[in-house]
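Structure first, then comments.
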2 protein chains.
Amino acid sequence: MKIGDAAKQSGVPAKTIRYYESVGLIEAATRQDNGYRDYSETDVHTLRFISRARGLGFTVKDVAMLLALYRDSSRASADVKAVAARHVDRIDEKIAELQSMRQTLLHLIDRCHGDDRPDCPILADLAGARVSA
Amino acid sequence: MKIGDAAKQSGVPAKTIRYYESVGLIEAATRQDNGYRDYSETDVHTLRFISRARGLGFTVKDVAMLLALYRDSSRASADVKAVAARHVDRIDEKIAELQSMRQTLLHLIDRCHGDDRPDCPILADLAGARVSA
DNA sequence: CTTGATCTTCCAGTGACTGGAAGCCCTATA
DNA sequence: TATAGGGCTTCCAGTCACTGGAAGATCAAG
């Protein structure tokens with residue numbers, strides 16, 4: 001099948017499929033006589049695998065590793081678990097960082113009148129003033 | 001003062017200061033006779049403002065807006081508040097997204113033996129199998 | 001036969017830096 | 001005075017994961 005159909009069936013945009021090929025995440029597709037890329041059901045399956053993994057926030061590098069493990073029938077599940085666990089750690093860090101920002105922002109927003117007056121604790125804080133807890 | 005000192009005093013790397021200048025977030029610094037960029041205390045203050053805002057996750061575009069508001073003594077605090085509130089919304093979305101990923105991952109990890117056997121629900125899920133709740 | 005959709009390649013832009021090369025400037029020390 | 005080092009300058013490239021767009025070939029339908 002052509003790239004457009006593979007895109008529809010996998011949910012991965014044609015542009016992105018070509019991109020994945022260019023960075024080596026998927027193998028270069030075979031070509032039809034007219035030069036168009038040709039995809040199989042297996043390829044679509046792989047693309048869906050990639051799409052799900054990316055949806056869970058795995059980096060393309062991680063996805064390459066997961067794909068390799070997926071294809072290695074003699075893999076140890078511990079290796080997969082390790083990749084996932086590392087990823088959860090990164091997510092936890094990110095969440096903590098965002099929540100800290102959020103808290104500070106809400107604190108400042110709460111103290112800001114939000115009217116026509118120029119007086120604003122948000123700007124004051126950014127300018128270096130310590131705002132009371 | 002030279003860029004290295006401005007960097008030390010503001011916490012913004014010299015490289016990043018030049019970058020901010022290149023994208024117009026800060027004005028082009030005046031130059032000393034030898035061509036070196038020259039910074040004032042006010043410039044350092046601005047860099048610290050930027051550094052704090054970036055630390056709260058504001059985009060450079062948002063920071064540009066906040067700086068403009070900061071300098072506009074006739075600003076309405078409502079405008080500042082709006083920028084901050086929009087930002088909190090973005091953060092909330094991001095947190096929700098990450099927490100959803102996290103939950104799915106933890107669920108899968110929990111079900112993975114993590115031993116030498118190849119059997120792995122994480123890969124099974126990525127491959128399209130529905131994992132029991 | 002033409003129209004429009006889809007395919008091809010290649011280049012550029014996103015956001016916010018960061019690294020590195022090549023070369024100038026300044027200061028301190030042998 | 002020569003030199004060694006550090007910091008300064010510019011510019012280009014790389015990061016990450018795409019995404020947009022241009023120019024041109026191909027194909028299916030009317």
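Labels used: A, B, ... for chains in the order of the structure tokens, numbers from 1 for residues in each chain, and numbers from 1 for ligands as shown.
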Residue contacts of Pro118 in chain B (7 Å, only C-alpha atoms (C1' of nucleotides)) excluding same-chain residues fewer than 6 positions away, as a list in words: Ser73, Ser74, Arg75, Ala76 and Ser77 of chain A
query: Which neighbours of range 6-15 of chain C fall inside 9 Å, counting only C-alpha atoms (C1' of nucleotides), when residues of the same chain fewer than 6 positions from it are skipped, and could you give them as a PyMOL selection string?
result: (chain A and resi 2-4+35-37) or (chain B and resi 59-60) or (chain D and resi 18-22+24-27)
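In this structure, the chain A residues at most 6 Å away from chain B are Phe49, Arg52, Leu56, Ser74, Arg75, Ala76, Ser77, Ala78, Lys81, Ile95, Met101, Gly114, Asp115, Asp116, Arg117, Pro118, Cys120, Leu126 and Ala127 of chain A, with only C-alpha atoms considered.
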Write out, as a PDB file, in the first residue's frame, the residues just selected, with C-alpha atoms.
```
ATOM      1  CA  PHE A  49       3.533   0.515  17.876  1.00  0.00           C
ATOM      2  CA  ARG A  52       1.509   4.349  20.944  1.00  0.00           C
ATOM      3  CA  LEU A  56       3.272   7.590  26.137  1.00  0.00           C
ATOM      4  CA  SER A  74      14.811 -13.758  23.485  1.00  0.00           C
ATOM      5  CA  ARG A  75      14.587 -10.401  25.267  1.00  0.00           C
ATOM      6  CA  ALA A  76      14.380 -10.138  29.028  1.00  0.00           C
ATOM      7  CA  SER A  77      11.263  -8.345  30.216  1.00  0.00           C
ATOM      8  CA  ALA A  78      13.518  -6.689  32.798  1.00  0.00           C
ATOM      9  CA  LYS A  81      10.732  -2.616  32.359  1.00  0.00           C
ATOM     10  CA  ILE A  95       5.538  16.862  36.785  1.00  0.00           C
ATOM     11  CA  MET A 101       5.825  26.506  38.722  1.00  0.00           C
ATOM     12  CA  GLY A 114      -6.238  42.040  37.824  1.00  0.00           C
ATOM     13  CA  ASP A 115      -7.817  45.426  37.197  1.00  0.00           C
ATOM     14  CA  ASP A 116      -6.828  48.679  35.502  1.00  0.00           C
ATOM     15  CA  ARG A 117      -4.288  49.623  38.104  1.00  0.00           C
ATOM     16  CA  PRO A 118      -0.599  49.052  37.258  1.00  0.00           C
ATOM     17  CA  CYS A 120       1.129  43.993  40.165  1.00  0.00           C
ATOM     18  CA  LEU A 126       9.854  38.775  38.553  1.00  0.00           C
ATOM     19  CA  ALA A 127      11.651  42.022  39.242  1.00  0.00           C
TER      20      ALA A 127
END
```
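Interatomic distance, CA of Ala64 in chain B to CA of Gly24 in chain B: 8.7 Å.
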Within 10 Å of chain B, which residues of chain D come that close, and what is the closest atom pair and distance in Å for each? Count only C-alpha atoms (C1' of nucleotides) and give it as JSON lines.
```
{"residue": "D:DG7", "atom": "C1'", "partner": "B:Gly4", "partner_atom": "CA", "distance": 7.8}
{"residue": "D:DC8", "atom": "C1'", "partner": "B:Tyr36", "partner_atom": "CA", "distance": 6.4}
{"residue": "D:DT9", "atom": "C1'", "partner": "B:Tyr36", "partner_atom": "CA", "distance": 7.5}
```
- prompt: What lies within 12 Å of DG5 in chain D using only C-alpha atoms (C1' of nucleotides), ignoring chain neighbours under 4 positions off, as a ChimeraX atom specification?
  reply: /C:26-29
Store the residues of this selection in a file with all heavy atoms, as a PDB file, in the first residue's frame.
```pdb
ATOM      1  P    DC C  26      42.058  45.540  24.195  1.00  0.00           P
ATOM      2  OP1  DC C  26      41.096  46.611  24.514  1.00  0.00           O
ATOM      3  OP2  DC C  26      43.273  45.823  23.407  1.00  0.00           O
ATOM      4  O5'  DC C  26      42.472  44.826  25.558  1.00  0.00           O
ATOM      5  C5'  DC C  26      41.474  44.120  26.303  1.00  0.00           C
ATOM      6  C4'  DC C  26      42.128  43.297  27.403  1.00  0.00           C
ATOM      7  O4'  DC C  26      42.681  42.088  26.847  1.00  0.00           O
ATOM      8  C3'  DC C  26      43.276  44.000  28.128  1.00  0.00           C
ATOM      9  O3'  DC C  26      42.958  44.006  29.510  1.00  0.00           O
ATOM     10  C2'  DC C  26      44.506  43.152  27.797  1.00  0.00           C
ATOM     11  C1'  DC C  26      43.867  41.791  27.528  1.00  0.00           C
ATOM     12  N1   DC C  26      44.637  40.875  26.638  1.00  0.00           N
ATOM     13  C2   DC C  26      44.879  39.555  27.060  1.00  0.00           C
ATOM     14  O2   DC C  26      44.487  39.187  28.168  1.00  0.00           O
ATOM     15  N3   DC C  26      45.572  38.705  26.231  1.00  0.00           N
ATOM     16  C4   DC C  26      45.982  39.145  25.036  1.00  0.00           C
ATOM     17  N4   DC C  26      46.643  38.286  24.259  1.00  0.00           N
ATOM     18  C5   DC C  26      45.747  40.482  24.597  1.00  0.00           C
ATOM     19  C6   DC C  26      45.072  41.303  25.418  1.00  0.00           C
ATOM     20  P    DT C  27      43.773  44.950  30.544  1.00  0.00           P
ATOM     21  OP1  DT C  27      42.775  45.684  31.362  1.00  0.00           O
ATOM     22  OP2  DT C  27      44.843  45.688  29.809  1.00  0.00           O
ATOM     23  O5'  DT C  27      44.471  43.863  31.489  1.00  0.00           O
ATOM     24  C5'  DT C  27      43.737  42.709  31.911  1.00  0.00           C
ATOM     25  C4'  DT C  27      44.694  41.642  32.404  1.00  0.00           C
ATOM     26  O4'  DT C  27      45.244  40.908  31.293  1.00  0.00           O
ATOM     27  C3'  DT C  27      45.886  42.154  33.212  1.00  0.00           C
ATOM     28  O3'  DT C  27      45.921  41.447  34.441  1.00  0.00           O
ATOM     29  C2'  DT C  27      47.095  41.861  32.323  1.00  0.00           C
ATOM     30  C1'  DT C  27      46.601  40.652  31.536  1.00  0.00           C
ATOM     31  N1   DT C  27      47.238  40.416  30.225  1.00  0.00           N
ATOM     32  C2   DT C  27      47.659  39.136  29.919  1.00  0.00           C
ATOM     33  O2   DT C  27      47.556  38.194  30.673  1.00  0.00           O
ATOM     34  N3   DT C  27      48.213  39.005  28.659  1.00  0.00           N
ATOM     35  C4   DT C  27      48.382  40.006  27.719  1.00  0.00           C
ATOM     36  O4   DT C  27      48.880  39.762  26.629  1.00  0.00           O
ATOM     37  C5   DT C  27      47.926  41.317  28.118  1.00  0.00           C
ATOM     38  C7   DT C  27      48.081  42.469  27.179  1.00  0.00           C
ATOM     39  C6   DT C  27      47.383  41.462  29.343  1.00  0.00           C
ATOM     40  P    DA C  28      46.916  41.939  35.622  1.00  0.00           P
ATOM     41  OP1  DA C  28      46.055  42.265  36.772  1.00  0.00           O
ATOM     42  OP2  DA C  28      47.896  42.930  35.119  1.00  0.00           O
ATOM     43  O5'  DA C  28      47.692  40.583  35.939  1.00  0.00           O
ATOM     44  C5'  DA C  28      47.105  39.322  35.587  1.00  0.00           C
ATOM     45  C4'  DA C  28      48.184  38.252  35.536  1.00  0.00           C
ATOM     46  O4'  DA C  28      48.670  38.124  34.178  1.00  0.00           O
ATOM     47  C3'  DA C  28      49.408  38.538  36.404  1.00  0.00           C
ATOM     48  O3'  DA C  28      49.832  37.310  37.012  1.00  0.00           O
ATOM     49  C2'  DA C  28      50.446  39.058  35.412  1.00  0.00           C
ATOM     50  C1'  DA C  28      50.079  38.284  34.157  1.00  0.00           C
ATOM     51  N9   DA C  28      50.403  38.976  32.916  1.00  0.00           N
ATOM     52  C8   DA C  28      50.236  40.301  32.636  1.00  0.00           C
ATOM     53  N7   DA C  28      50.594  40.643  31.434  1.00  0.00           N
ATOM     54  C5   DA C  28      51.036  39.454  30.869  1.00  0.00           C
ATOM     55  C6   DA C  28      51.559  39.127  29.596  1.00  0.00           C
ATOM     56  N6   DA C  28      51.712  40.038  28.625  1.00  0.00           N
ATOM     57  N1   DA C  28      51.908  37.846  29.359  1.00  0.00           N
ATOM     58  C2   DA C  28      51.735  36.945  30.344  1.00  0.00           C
ATOM     59  N3   DA C  28      51.255  37.126  31.572  1.00  0.00           N
ATOM     60  C4   DA C  28      50.925  38.418  31.775  1.00  0.00           C
ATOM     61  P    DT C  29      50.876  37.379  38.258  1.00  0.00           P
ATOM     62  OP1  DT C  29      50.237  36.669  39.382  1.00  0.00           O
ATOM     63  OP2  DT C  29      51.399  38.765  38.417  1.00  0.00           O
ATOM     64  O5'  DT C  29      52.054  36.454  37.677  1.00  0.00           O
ATOM     65  C5'  DT C  29      51.719  35.283  36.941  1.00  0.00           C
ATOM     66  C4'  DT C  29      52.863  34.916  36.017  1.00  0.00           C
ATOM     67  O4'  DT C  29      52.899  35.796  34.860  1.00  0.00           O
ATOM     68  C3'  DT C  29      54.251  35.015  36.651  1.00  0.00           C
ATOM     69  O3'  DT C  29      54.950  33.808  36.371  1.00  0.00           O
ATOM     70  C2'  DT C  29      54.893  36.208  35.940  1.00  0.00           C
ATOM     71  C1'  DT C  29      54.242  36.094  34.579  1.00  0.00           C
ATOM     72  N1   DT C  29      54.276  37.309  33.720  1.00  0.00           N
ATOM     73  C2   DT C  29      54.703  37.194  32.411  1.00  0.00           C
ATOM     74  O2   DT C  29      55.057  36.164  31.915  1.00  0.00           O
ATOM     75  N3   DT C  29      54.679  38.374  31.691  1.00  0.00           N
ATOM     76  C4   DT C  29      54.291  39.617  32.147  1.00  0.00           C
ATOM     77  O4   DT C  29      54.303  40.581  31.403  1.00  0.00           O
ATOM     78  C5   DT C  29      53.854  39.669  33.529  1.00  0.00           C
ATOM     79  C7   DT C  29      53.419  40.972  34.128  1.00  0.00           C
ATOM     80  C6   DT C  29      53.874  38.533  34.246  1.00  0.00           C
TER      81       DT C  29
END
```
query: as JSON, numbers by chain, which residues of range 17-73 of chain A does DSSP assign to helix (DSSP H, G or I)?
result: {"A": [17, 18, 19, 20, 21, 22, 41, 42, 43, 44, 45, 46, 47, 48, 49, 50, 51, 52, 53, 54, 55, 60, 61, 62, 63, 64, 65, 66, 67, 68, 69, 70, 71]}
- prompt: chain C residues within 10 Å of chain B, counting only C-alpha atoms (C1' of nucleotides): which ones, as number ranges by chain?
  reply: C: 15-18, 24-25
